[in-house]
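my_file-v8.txt, holding compact mmCIF, C-alpha atoms:
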```
# COMPACT_ATOMS: atom_id res chain seq x y z
CA MET A 182 -16.24 -34.42 -22.70
CA SER A 183 -15.48 -37.04 -20.10
CA GLY A 184 -17.39 -35.72 -17.10
CA LYS A 185 -14.27 -36.15 -15.04
CA PRO A 186 -12.88 -33.11 -13.25
CA LYS A 187 -10.12 -31.46 -15.27
CA LEU A 188 -7.18 -29.91 -13.44
CA HIS A 189 -5.22 -27.02 -14.96
CA TYR A 190 -1.75 -26.50 -13.50
CA PHE A 191 1.86 -27.14 -14.26
CA ASN A 192 3.23 -30.67 -13.92
CA GLY A 193 4.27 -30.38 -10.33
CA ARG A 194 2.87 -30.28 -6.80
CA GLY A 195 2.53 -26.63 -5.92
CA ARG A 196 -0.97 -25.57 -4.89
CA MET A 197 -2.71 -28.26 -6.89
CA GLU A 198 -1.34 -31.20 -4.94
CA PRO A 199 -3.81 -31.08 -2.02
CA ILE A 200 -6.59 -31.07 -4.62
CA ARG A 201 -5.14 -34.16 -6.30
CA TRP A 202 -4.93 -35.86 -2.91
CA LEU A 203 -8.50 -35.01 -2.01
CA LEU A 204 -9.93 -36.22 -5.31
CA ALA A 205 -7.91 -39.40 -5.03
CA ALA A 206 -9.03 -39.95 -1.44
CA ALA A 207 -12.62 -39.44 -2.53
CA GLY A 208 -12.08 -42.06 -5.24
CA VAL A 209 -12.70 -39.57 -8.03
CA GLU A 210 -10.81 -40.03 -11.30
CA PHE A 211 -9.56 -36.81 -12.81
CA GLU A 212 -7.75 -35.48 -15.88
CA GLU A 213 -4.89 -33.03 -15.99
CA CYS A 214 -4.07 -30.31 -18.51
CA PHE A 215 -0.48 -29.22 -17.93
CA ILE A 216 0.82 -25.71 -18.38
CA GLU A 217 4.25 -26.24 -19.95
CA LYS A 218 5.18 -22.74 -21.07
CA LYS A 219 4.09 -19.18 -20.47
CA ASP A 220 1.93 -19.17 -23.60
CA ASP A 221 -0.22 -21.91 -22.14
CA LEU A 222 -0.95 -19.72 -19.12
CA LEU A 223 -1.59 -16.67 -21.29
CA LYS A 224 -4.03 -18.64 -23.42
CA LEU A 225 -6.04 -19.69 -20.38
CA ARG A 226 -6.13 -16.08 -19.25
CA LYS A 227 -7.18 -14.84 -22.66
CA ASP A 228 -9.92 -17.46 -22.88
CA GLY A 229 -11.38 -15.99 -19.71
CA SER A 230 -11.10 -19.32 -17.93
CA LEU A 231 -9.22 -18.07 -14.89
CA LEU A 232 -11.34 -16.01 -12.52
CA PHE A 233 -8.40 -14.08 -11.07
CA GLN A 234 -5.93 -14.93 -13.87
CA GLN A 235 -4.41 -17.62 -11.70
CA VAL A 236 -4.12 -21.39 -11.40
CA PRO A 237 -5.05 -23.85 -9.89
CA MET A 238 -8.25 -24.04 -11.88
CA VAL A 239 -10.49 -27.10 -11.87
CA GLU A 240 -13.30 -27.72 -14.32
CA ILE A 241 -15.94 -29.58 -12.36
CA ASP A 242 -19.74 -29.84 -12.56
CA GLY A 243 -19.98 -27.16 -15.22
CA MET A 244 -17.90 -24.66 -13.23
CA LYS A 245 -14.37 -23.41 -13.71
CA LEU A 246 -13.39 -23.29 -10.04
CA ALA A 247 -10.45 -21.15 -8.98
CA GLN A 248 -8.72 -20.63 -5.63
CA THR A 249 -7.32 -23.69 -3.89
CA ARG A 250 -9.50 -23.46 -0.81
CA ALA A 251 -12.70 -22.92 -2.75
CA ILE A 252 -11.88 -25.99 -4.81
CA LEU A 253 -11.00 -28.12 -1.79
CA ASN A 254 -14.13 -27.03 0.07
CA TYR A 255 -16.35 -27.86 -2.88
CA ILE A 256 -14.86 -31.33 -3.34
CA ALA A 257 -15.03 -32.01 0.40
CA GLY A 258 -18.64 -30.89 0.54
CA LYS A 259 -19.63 -32.89 -2.49
CA TYR A 260 -18.01 -36.14 -1.36
CA ASN A 261 -18.98 -35.97 2.31
CA LEU A 262 -15.51 -35.28 3.57
CA TYR A 263 -16.50 -32.17 5.49
CA GLY A 264 -17.99 -33.47 8.72
CA LYS A 265 -21.65 -33.78 9.64
CA ASP A 266 -22.39 -30.35 11.08
CA LEU A 267 -21.13 -26.82 11.54
CA LYS A 268 -18.93 -27.56 14.54
CA GLU A 269 -17.22 -30.48 12.83
CA ARG A 270 -16.64 -28.24 9.82
CA ALA A 271 -15.10 -25.67 12.14
CA LEU A 272 -12.64 -28.22 13.52
CA ILE A 273 -11.82 -29.52 10.04
CA ASP A 274 -11.26 -25.97 8.83
CA MET A 275 -9.03 -25.06 11.77
CA TYR A 276 -6.85 -28.13 11.37
CA ALA A 277 -6.73 -27.76 7.59
CA GLU A 278 -5.74 -24.09 7.76
CA GLY A 279 -2.88 -24.95 10.14
CA MET A 280 -1.78 -27.65 7.75
CA MET A 281 -1.94 -25.27 4.81
CA ASP A 282 0.30 -22.83 6.64
CA LEU A 283 2.78 -25.62 7.24
CA ASN A 284 2.40 -26.85 3.65
CA GLU A 285 3.25 -23.33 2.46
CA LEU A 286 6.42 -23.35 4.54
CA LEU A 287 7.54 -26.73 3.25
CA MET A 288 6.39 -26.16 -0.33
CA SER A 289 8.23 -22.86 -0.68
CA TYR A 290 11.57 -24.35 0.36
CA PRO A 291 12.81 -25.37 -3.14
CA PHE A 292 12.03 -21.86 -4.38
CA GLN A 293 14.14 -20.04 -1.81
CA PRO A 294 17.36 -18.33 -2.91
CA ALA A 295 20.36 -20.61 -2.34
CA ASP A 296 21.73 -18.65 0.62
CA LYS A 297 18.38 -18.70 2.44
CA LYS A 298 17.52 -22.35 1.90
CA GLU A 299 19.12 -23.85 4.95
CA GLN A 300 17.57 -21.42 7.38
CA HIS A 301 14.19 -21.71 5.74
CA LEU A 302 14.21 -25.47 6.07
CA ALA A 303 15.37 -25.30 9.66
CA ASN A 304 12.52 -22.94 10.46
CA ALA A 305 10.01 -25.09 8.62
CA LEU A 306 11.07 -28.24 10.43
CA ASP A 307 11.08 -26.36 13.68
CA LYS A 308 7.50 -25.26 13.18
CA THR A 309 6.57 -28.76 12.08
CA THR A 310 7.82 -30.36 15.21
CA ASN A 311 7.01 -27.59 17.64
CA ARG A 312 3.91 -25.91 16.42
CA TYR A 313 1.91 -28.18 14.20
CA PHE A 314 2.50 -31.88 14.80
CA PRO A 315 1.92 -31.56 18.52
CA VAL A 316 -1.56 -30.22 17.90
CA PHE A 317 -2.68 -33.10 15.81
CA GLU A 318 -1.06 -35.63 18.01
CA LYS A 319 -3.01 -34.24 20.90
CA VAL A 320 -6.28 -34.34 19.06
CA LEU A 321 -5.89 -38.02 18.27
CA LYS A 322 -4.74 -38.77 21.73
CA ASP A 323 -7.61 -36.92 23.40
CA HIS A 324 -10.42 -38.73 21.69
CA GLY A 325 -8.61 -41.96 20.94
CA GLN A 326 -10.38 -42.27 17.61
CA ASP A 327 -8.99 -43.23 14.23
CA PHE A 328 -9.67 -39.92 12.48
CA LEU A 329 -9.19 -36.30 13.41
CA VAL A 330 -12.83 -35.21 13.47
CA GLY A 331 -16.12 -36.91 14.24
CA ASN A 332 -14.77 -40.45 14.07
CA GLN A 333 -15.06 -40.21 10.32
CA PHE A 334 -12.62 -39.82 7.45
CA SER A 335 -12.49 -36.16 6.32
CA LYS A 336 -10.51 -33.62 4.35
CA ALA A 337 -8.52 -32.95 7.53
CA ASP A 338 -7.18 -36.52 7.55
CA VAL A 339 -6.23 -36.38 3.88
CA GLN A 340 -4.38 -33.11 4.32
CA LEU A 341 -2.66 -34.43 7.45
CA LEU A 342 -1.40 -37.49 5.66
CA GLU A 343 -0.04 -35.34 2.85
CA ILE A 344 1.84 -33.15 5.28
CA LEU A 345 3.23 -36.06 7.29
CA LEU A 346 4.63 -37.62 4.14
CA MET A 347 6.02 -34.30 2.94
CA ALA A 348 7.75 -33.67 6.26
CA GLU A 349 9.28 -37.13 6.15
CA GLU A 350 10.71 -36.42 2.71
CA TYR A 351 12.71 -33.64 4.29
CA LYS A 352 13.54 -35.46 7.48
CA PRO A 353 12.82 -39.19 7.42
CA ASP A 354 12.85 -39.56 11.17
CA ILE A 355 10.72 -36.53 11.89
CA LEU A 356 8.00 -38.64 13.45
CA ALA A 357 10.23 -40.87 15.51
CA LYS A 358 12.41 -38.17 17.01
CA PHE A 359 9.61 -35.86 18.00
CA PRO A 360 10.69 -33.35 20.66
CA LEU A 361 7.62 -33.29 22.86
CA LEU A 362 6.54 -30.28 24.77
CA GLN A 363 3.90 -31.92 26.89
CA VAL A 364 4.84 -34.24 29.77
CA ILE A 365 2.32 -37.00 29.21
CA GLU A 366 2.62 -39.65 26.51
CA GLN A 367 5.90 -38.26 25.12
CA CYS A 368 7.17 -41.64 24.03
CA CYS A 369 3.86 -42.58 22.34
CA PHE A 370 3.60 -39.36 20.28
CA GLY A 371 5.51 -40.54 17.18
CA PHE A 372 4.10 -44.03 17.50
CA VAL A 373 0.49 -42.78 17.45
CA LEU A 374 1.22 -40.69 14.37
CA GLN A 375 2.88 -43.63 12.65
CA LYS A 376 -0.05 -45.89 13.47
CA PHE A 377 -2.39 -43.21 12.19
CA LYS A 378 -0.42 -42.87 9.00
CA ALA A 379 -0.54 -46.62 8.40
CA ARG A 380 -4.30 -46.64 8.85
CA VAL A 381 -5.01 -43.87 6.40
CA SER A 382 -2.50 -45.15 3.82
CA ASN A 383 -4.39 -48.42 3.74
CA ILE A 384 -7.57 -46.76 2.66
CA PRO A 385 -7.85 -48.23 -0.86
CA THR A 386 -8.20 -44.97 -2.74
CA ILE A 387 -5.15 -43.45 -1.08
CA LYS A 388 -3.14 -46.67 -1.39
CA LYS A 389 -3.70 -46.51 -5.14
CA PHE A 390 -2.51 -42.92 -5.14
CA LEU A 391 0.71 -43.85 -3.36
CA GLN A 392 1.73 -46.43 -6.01
CA PRO A 393 4.39 -45.40 -8.54
CA GLY A 394 2.71 -44.28 -11.75
CA SER A 395 -0.21 -42.65 -9.97
CA GLN A 396 -0.92 -39.01 -10.55
CA ARG A 397 0.91 -37.94 -7.35
CA LYS A 398 3.73 -35.60 -8.25
CA PRO A 399 7.30 -35.89 -6.96
CA LEU A 400 9.24 -33.31 -4.98
CA PRO A 401 10.35 -30.54 -7.32
CA GLU A 402 13.89 -30.75 -8.70
CA GLU A 403 15.98 -27.75 -9.66
CA LYS A 404 14.85 -27.93 -13.28
CA ASP A 405 11.19 -27.92 -12.21
CA VAL A 406 11.85 -24.85 -10.09
CA GLN A 407 13.38 -23.07 -13.08
CA LYS A 408 10.49 -24.07 -15.28
CA ALA A 409 7.85 -22.86 -12.83
CA TRP A 410 9.70 -19.61 -12.34
CA LYS A 411 9.74 -19.02 -16.10
CA ILE A 412 6.05 -19.64 -16.48
CA PHE A 413 4.85 -17.57 -13.58
CA HIS A 414 7.21 -14.58 -13.76
CA MET B 14 -19.75 -14.94 31.00
CA SER B 15 -21.75 -12.99 28.50
CA GLY B 16 -22.39 -15.49 25.75
CA LYS B 17 -21.09 -12.97 23.24
CA PRO B 18 -18.20 -13.95 21.01
CA LYS B 19 -14.90 -12.72 22.42
CA LEU B 20 -12.15 -11.61 20.07
CA HIS B 21 -8.47 -11.83 21.01
CA TYR B 22 -6.14 -9.63 18.94
CA THR B 23 -4.21 -6.40 18.93
CA LYS B 24 -6.13 -3.14 18.84
CA GLY B 25 -5.92 -2.71 15.11
CA ARG B 26 -7.23 -4.15 11.88
CA GLY B 27 -4.87 -6.91 10.78
CA LYS B 28 -6.45 -10.29 10.20
CA MET B 29 -9.19 -9.75 12.74
CA GLU B 30 -10.86 -6.89 10.92
CA SER B 31 -12.76 -9.10 8.46
CA ILE B 32 -14.14 -11.03 11.42
CA ARG B 33 -15.32 -7.81 13.09
CA TRP B 34 -17.00 -6.79 9.83
CA LEU B 35 -18.81 -10.11 9.42
CA LEU B 36 -20.06 -10.26 12.99
CA ALA B 37 -21.22 -6.66 12.74
CA ALA B 38 -22.99 -7.28 9.43
CA ALA B 39 -24.71 -10.30 10.98
CA GLY B 40 -25.88 -8.07 13.84
CA VAL B 41 -23.89 -10.02 16.41
CA GLU B 42 -22.55 -8.11 19.41
CA PHE B 43 -19.04 -9.08 20.40
CA GLU B 44 -16.41 -8.31 23.03
CA GLU B 45 -12.74 -7.70 22.48
CA GLU B 46 -9.71 -8.43 24.60
CA PHE B 47 -6.69 -6.58 23.29
CA ILE B 48 -3.14 -7.85 23.22
CA GLU B 49 -1.12 -4.79 24.18
CA THR B 50 2.26 -6.29 25.05
CA LYS B 51 4.34 -9.30 24.23
CA ASP B 52 3.49 -10.66 27.66
CA ASP B 53 -0.21 -10.65 26.80
CA LEU B 54 0.53 -12.87 23.81
CA GLU B 55 2.81 -15.12 25.84
CA LYS B 56 0.11 -15.49 28.46
CA LEU B 57 -2.42 -16.65 25.89
CA ARG B 58 0.14 -19.10 24.54
CA ASN B 59 1.02 -20.40 28.01
CA ASP B 60 -2.66 -20.80 28.85
CA GLY B 61 -2.87 -23.16 25.90
CA VAL B 62 -5.74 -21.31 24.26
CA LEU B 63 -4.10 -20.68 20.90
CA MET B 64 -4.15 -23.86 18.85
CA PHE B 65 -1.19 -22.88 16.68
CA GLN B 66 0.16 -20.19 19.01
CA GLN B 67 -1.36 -17.53 16.84
CA VAL B 68 -4.10 -14.96 16.81
CA PRO B 69 -6.81 -14.18 15.70
CA MET B 70 -8.59 -16.30 18.26
CA VAL B 71 -12.34 -16.04 18.83
CA GLU B 72 -14.19 -17.61 21.72
CA ILE B 73 -17.55 -18.58 20.29
CA ASP B 74 -20.12 -21.26 21.10
CA GLY B 75 -17.83 -22.98 23.57
CA MET B 76 -14.94 -23.16 21.11
CA LYS B 77 -11.67 -21.26 21.02
CA MET B 78 -11.52 -20.84 17.27
CA VAL B 79 -8.35 -19.93 15.44
CA GLN B 80 -7.42 -19.42 11.77
CA THR B 81 -9.13 -16.49 10.15
CA ARG B 82 -10.83 -18.43 7.37
CA ALA B 83 -12.13 -21.11 9.72
CA ILE B 84 -13.63 -18.43 11.95
CA LEU B 85 -15.17 -16.51 9.06
CA SER B 86 -16.63 -19.68 7.51
CA TYR B 87 -18.21 -20.65 10.81
CA ILE B 88 -19.78 -17.24 11.34
CA ALA B 89 -20.98 -17.07 7.75
CA ALA B 90 -22.64 -20.47 7.95
CA LYS B 91 -24.13 -19.86 11.38
CA TYR B 92 -25.74 -16.57 10.35
CA ASN B 93 -26.91 -17.68 6.90
CA LEU B 94 -24.40 -15.64 4.96
CA TYR B 95 -22.95 -18.62 3.06
CA GLY B 96 -25.41 -19.24 0.24
CA LYS B 97 -28.07 -21.91 0.02
CA ASP B 98 -26.17 -24.83 -1.52
CA LEU B 99 -22.76 -26.18 -2.42
CA LYS B 100 -22.45 -24.27 -5.68
CA GLU B 101 -23.31 -20.93 -4.09
CA ARG B 102 -20.77 -21.68 -1.35
CA ALA B 103 -18.18 -22.33 -4.05
CA TRP B 104 -18.83 -18.92 -5.62
CA ILE B 105 -18.74 -17.20 -2.26
CA ASP B 106 -15.48 -18.99 -1.41
CA MET B 107 -13.95 -17.94 -4.72
CA TYR B 108 -14.96 -14.32 -4.39
CA VAL B 109 -13.79 -14.17 -0.78
CA GLU B 110 -10.41 -15.62 -1.68
CA GLY B 111 -9.98 -12.84 -4.23
CA THR B 112 -10.81 -10.07 -1.77
CA THR B 113 -8.63 -11.80 0.83
CA ASP B 114 -5.66 -11.66 -1.54
CA LEU B 115 -6.28 -7.98 -2.30
CA MET B 116 -6.79 -6.99 1.34
CA GLY B 117 -3.73 -9.02 2.27
CA MET B 118 -1.61 -6.87 -0.02
CA ILE B 119 -3.06 -3.70 1.49
CA MET B 120 -2.65 -5.01 5.03
CA PHE B 121 1.04 -5.70 4.57
CA HIS B 122 1.79 -2.44 2.78
CA PRO B 123 2.63 -0.43 5.95
CA PHE B 124 5.10 -3.16 6.90
CA GLN B 125 7.07 -2.91 3.67
CA PRO B 126 10.54 -1.34 3.78
CA ALA B 127 10.39 2.38 2.92
CA GLU B 128 12.13 1.98 -0.45
CA ALA B 129 9.64 -0.67 -1.59
CA LYS B 130 6.49 1.20 -0.58
CA GLU B 131 5.89 3.25 -3.69
CA LYS B 132 6.25 0.30 -6.00
CA ASN B 133 4.09 -1.84 -3.73
CA LEU B 134 1.32 0.73 -3.70
CA ALA B 135 1.39 0.88 -7.48
CA LEU B 136 1.08 -2.92 -7.58
CA ILE B 137 -1.88 -2.86 -5.20
CA ILE B 138 -3.68 -0.32 -7.36
CA GLU B 139 -2.88 -2.26 -10.51
CA ARG B 140 -4.13 -5.53 -9.07
CA ALA B 141 -7.25 -3.91 -7.66
CA THR B 142 -8.20 -2.27 -10.94
CA THR B 143 -7.12 -4.96 -13.43
CA ARG B 144 -7.40 -8.28 -11.61
CA TYR B 145 -9.94 -8.02 -8.82
CA PHE B 146 -12.50 -5.24 -9.27
CA PRO B 147 -13.27 -6.20 -12.89
CA VAL B 148 -14.34 -9.64 -11.65
CA TYR B 149 -16.88 -8.26 -9.17
CA GLU B 150 -18.06 -5.58 -11.57
CA LYS B 151 -18.70 -8.28 -14.18
CA ALA B 152 -20.47 -10.54 -11.67
CA LEU B 153 -22.89 -7.75 -10.80
CA LYS B 154 -23.33 -6.82 -14.44
CA ASP B 155 -24.01 -10.37 -15.61
CA HIS B 156 -26.86 -11.10 -13.21
CA GLY B 157 -27.98 -7.53 -12.57
CA GLN B 158 -28.74 -8.29 -8.94
CA ASP B 159 -27.89 -6.33 -5.84
CA TYR B 160 -25.67 -9.00 -4.29
CA LEU B 161 -22.82 -11.08 -5.61
CA VAL B 162 -24.30 -14.54 -5.08
CA GLY B 163 -27.82 -15.92 -5.01
CA ASN B 164 -29.61 -12.58 -4.88
CA LYS B 165 -29.06 -12.40 -1.15
CA LEU B 166 -26.55 -10.75 1.16
CA SER B 167 -23.62 -13.06 1.85
CA TRP B 168 -20.14 -13.06 3.32
CA ALA B 169 -18.84 -12.27 -0.17
CA ASP B 170 -20.67 -8.93 -0.21
CA VAL B 171 -19.48 -7.90 3.24
CA HIS B 172 -15.93 -8.84 2.35
CA LEU B 173 -16.11 -6.94 -0.93
CA LEU B 174 -17.33 -3.78 0.78
CA GLU B 175 -14.48 -4.02 3.26
CA ALA B 176 -12.01 -4.44 0.39
CA ILE B 177 -13.46 -1.50 -1.53
CA LEU B 178 -13.15 0.83 1.46
CA MET B 179 -9.58 -0.31 2.12
CA ALA B 180 -8.67 0.21 -1.52
CA GLU B 181 -10.20 3.68 -1.49
CA GLU B 182 -7.95 4.53 1.43
CA CYS B 183 -5.06 3.78 -0.94
CA LYS B 184 -6.56 5.75 -3.83
CA PRO B 185 -9.82 7.65 -3.23
CA ASP B 186 -11.04 7.43 -6.84
CA ILE B 187 -10.08 3.79 -7.35
CA LEU B 188 -13.67 2.89 -8.27
CA SER B 189 -13.90 5.49 -11.02
CA ALA B 190 -14.04 2.85 -13.78
CA PHE B 191 -16.50 0.62 -11.90
CA PRO B 192 -20.00 2.11 -11.83
CA LEU B 193 -21.68 -1.03 -10.54
CA LEU B 194 -19.22 -1.34 -7.68
CA GLN B 195 -19.92 2.27 -6.79
CA ALA B 196 -23.61 1.51 -6.63
CA PHE B 197 -22.89 -1.68 -4.70
CA LYS B 198 -20.83 0.28 -2.21
CA GLY B 199 -23.66 2.78 -1.69
CA ARG B 200 -26.33 0.12 -1.26
CA THR B 201 -24.37 -2.21 0.96
CA SER B 202 -23.14 0.62 3.20
CA ASN B 203 -26.78 1.45 3.89
CA ILE B 204 -27.72 -1.96 5.23
CA PRO B 205 -28.61 -1.07 8.83
CA THR B 206 -26.11 -3.35 10.60
CA ILE B 207 -23.33 -2.29 8.25
CA LYS B 208 -24.29 1.38 8.43
CA LYS B 209 -24.00 1.15 12.20
CA PHE B 210 -20.55 -0.43 11.93
CA LEU B 211 -19.42 2.39 9.65
CA GLN B 212 -20.33 5.06 12.15
CA PRO B 213 -17.81 6.55 14.59
CA GLY B 214 -17.77 4.78 17.94
CA SER B 215 -18.20 1.31 16.44
CA GLN B 216 -15.68 -1.48 16.90
CA ARG B 217 -14.29 -0.91 13.43
CA LYS B 218 -10.59 -0.18 13.69
CA PRO B 219 -8.81 2.76 12.04
CA GLN B 220 -6.25 2.59 9.27
CA THR B 221 -2.90 1.14 10.27
CA ASP B 222 -0.41 3.88 11.21
CA GLU B 223 3.29 3.96 12.12
CA LYS B 224 2.50 3.50 15.78
CA PHE B 225 0.53 0.32 15.14
CA VAL B 226 3.24 -1.04 12.87
CA ALA B 227 5.78 -0.58 15.66
CA LEU B 228 3.50 -2.26 18.19
CA VAL B 229 2.85 -5.26 15.95
CA ARG B 230 6.55 -5.68 15.18
CA LYS B 231 7.31 -5.64 18.89
CA ILE B 232 4.61 -8.10 19.93
CA PHE B 233 4.98 -10.54 17.06
CA ASN B 234 8.71 -10.25 16.54
CA PHE B 235 9.08 -9.29 12.91
```

Final structure tokens representation of the file:
Amino acid sequence: MSGKPKLHYFNGRGRMEPIRWLLAAAGVEFEECFIEKKDDLLKLRKDGSLLFQQVPMVEIDGMKLAQTRAILNYIAGKYNLYGKDLKERALIDMYAEGMMDLNELLMSYPFQPADKKEQHLANALDKTTNRYFPVFEKVLKDHGQDFLVGNQFSKADVQLLEILLMAEEYKPDILAKFPLLQVIEQCCFGFVLQKFKARVSNIPTIKKFLQPGSQRKPLPEEKDVQKAWKIFH
Amino acid sequence: MSGKPKLHYTKGRGKMESIRWLLAAAGVEFEEEFIETKDDLEKLRNDGVLMFQQVPMVEIDGMKMVQTRAILSYIAAKYNLYGKDLKERAWIDMYVEGTTDLMGMIMFHPFQPAEAKEKNLALIIERATTRYFPVYEKALKDHGQDYLVGNKLSWADVHLLEAILMAEECKPDILSAFPLLQAFKGRTSNIPTIKKFLQPGSQRKPQTDEKFVALVRKIFNF
């Protein structure tokens, strides 16, 4: 028994990826136990290891934690990535929940039926540029600080970085060509986000995570989609 | 300005109901401003008070909070319904995510197309009785205490009671195989603040009906 957290999921991003990011950003080494076929999932269920019969599941500090948010909150709390008081937590939670909604939109794209894919992506990118990115841009602009909440690195920053990178995978220029709704600072919007991204990516733990060969998973390919479908249906 | 939290939503359960429950259980009086037309929603959006253009939104302690979970977590922590340490929080979070998933299924049921409804209801009942309720029944059995976590009322208990009552609306005898949950329901319903919320005339909203479905579709465009 290594003492390191142990992640149970299939070998892909899905709902485990934000957890991988957060552990990496906290500088915590972790192990992964991949579900490769349906039997693997059934075994975990039979063993009684999955609270609601679902993954992600993370073995950490003697617990078998289930539910993505519960896991993220625990890690954030443990590694001081959750702000210094209740109000900072509230802001972190609000931003993170918005990001999770957007993550859901982007993450579900490869799993859409072929004839719905294009529209789904268009909608997702629309929401990205019109509903979500403007909010975070404004936050940074308003306080002029390096991080989203309390002038301190938090779970909100980690999740933001993940979503910025994911959005760029779908549309490389999504930050540069930002269609701004507010009058002021329209031309600086993308630039501030890019600067922000550069700052967070240089945090040593995250930089390590961005190197090839790290535990960060790639975008799912068709064969991964098929595999996941087979396991979970 | 009253100092009471102010809830912005339609006049129905939806995602705001869990927030009403938690505030009520905590003994916190609150006001409600109802979105009755599309224009009401547009006005809120144009006023810039909805962070992601969505409701629920709750004005509380000088903040305009959005995102259901963020709001619930804040209320839970503020009113000591979130356990005493990180591990208890983790358990509460896990339990709440389970009841959220179950209530989510029930919440969306009236919005399903007619031909899918029967199958969907069967799925809800199956999930309730084979995936979710067994977990809470076991939790109560294992520690033999009155509350789910830390021998003290928490957000998880309030949320579970809400989920039980919603599930019973789908199938009145749905707790028949869960004696401890039945006892839990009885006990928790009798907590004075909760008992008050369960009485007619409270701010608890009724079951979603056809009329509400139509209203929601109109306002939120789906």

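Counting from atom CA of B:Glu45, the distance to atom CA of B:Lys19 is 5.5 Å.
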
Quiz prompt | Interatomic distance, atom CA of B:Lys100 to atom CA of B:Arg144 (Å, one decimal) | solution =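 Distance reported for this atom pair: 22.7 Å.
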
Quiz prompt | Between atom CA of A:Asn254 and atom CA of A:Leu342 - distance in Å to one decimal | solution =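 So the answer is 17.4 Å.
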
Practice problem: Tell me the residues of chain A close to chain B, meaning within 6 Å using all atoms listed in the file, as a ChimeraX atom specification. | Solution: /A:233,248,251,255,271,274-275,312

Practice problem: Extract, using all atoms listed in the file, all DNA, RNA and protein residues at most 8 Å from B:Phe43, discarding same-chain residues fewer than 6 positions from it, and format them as a PyMOL selection string. | Solution: chain B and resi 17-20+36

Practice problem: For A:Ile256, work out the shell of residues within 9 Å, counting all atoms listed in the file and skipping chain neighbours fewer than 6 positions away, then give it as a PyMOL selection string. | Solution: chain A and resi 200+203-204+207+262

Practice problem: Check the smallest atom-to-atom distance from each of B:Ile73, B:Met116, B:Arg230, B:Val171 to B:Trp34 using only C-alpha atoms, then report the winner. | Solution: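 Among B:Ile73, B:Met116, B:Arg230, B:Val171, it is B:Val171 that comes nearest to B:Trp34.
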
Quiz item: Looking at only C-alpha atoms, which of A:Phe292, A:Pro237, A:Asp282, A:Glu210 is the one that sits closest to A:Lys408?
Solution: A:Phe292

Exercise. Name the residues in contact with A:Glu240 at a cut-off of 9 Å, using all atoms listed in the file, excluding same-chain residues fewer than 6 positions from it; report them as a PyMOL selection string.
Key: chain A and resi 185-189+246-247

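Using only C-alpha atoms, the shortest contact distance between B:Arg26 and any of B:Ala89, B:Ala129, B:Ala169, B:Val226 is found at B:Val226.
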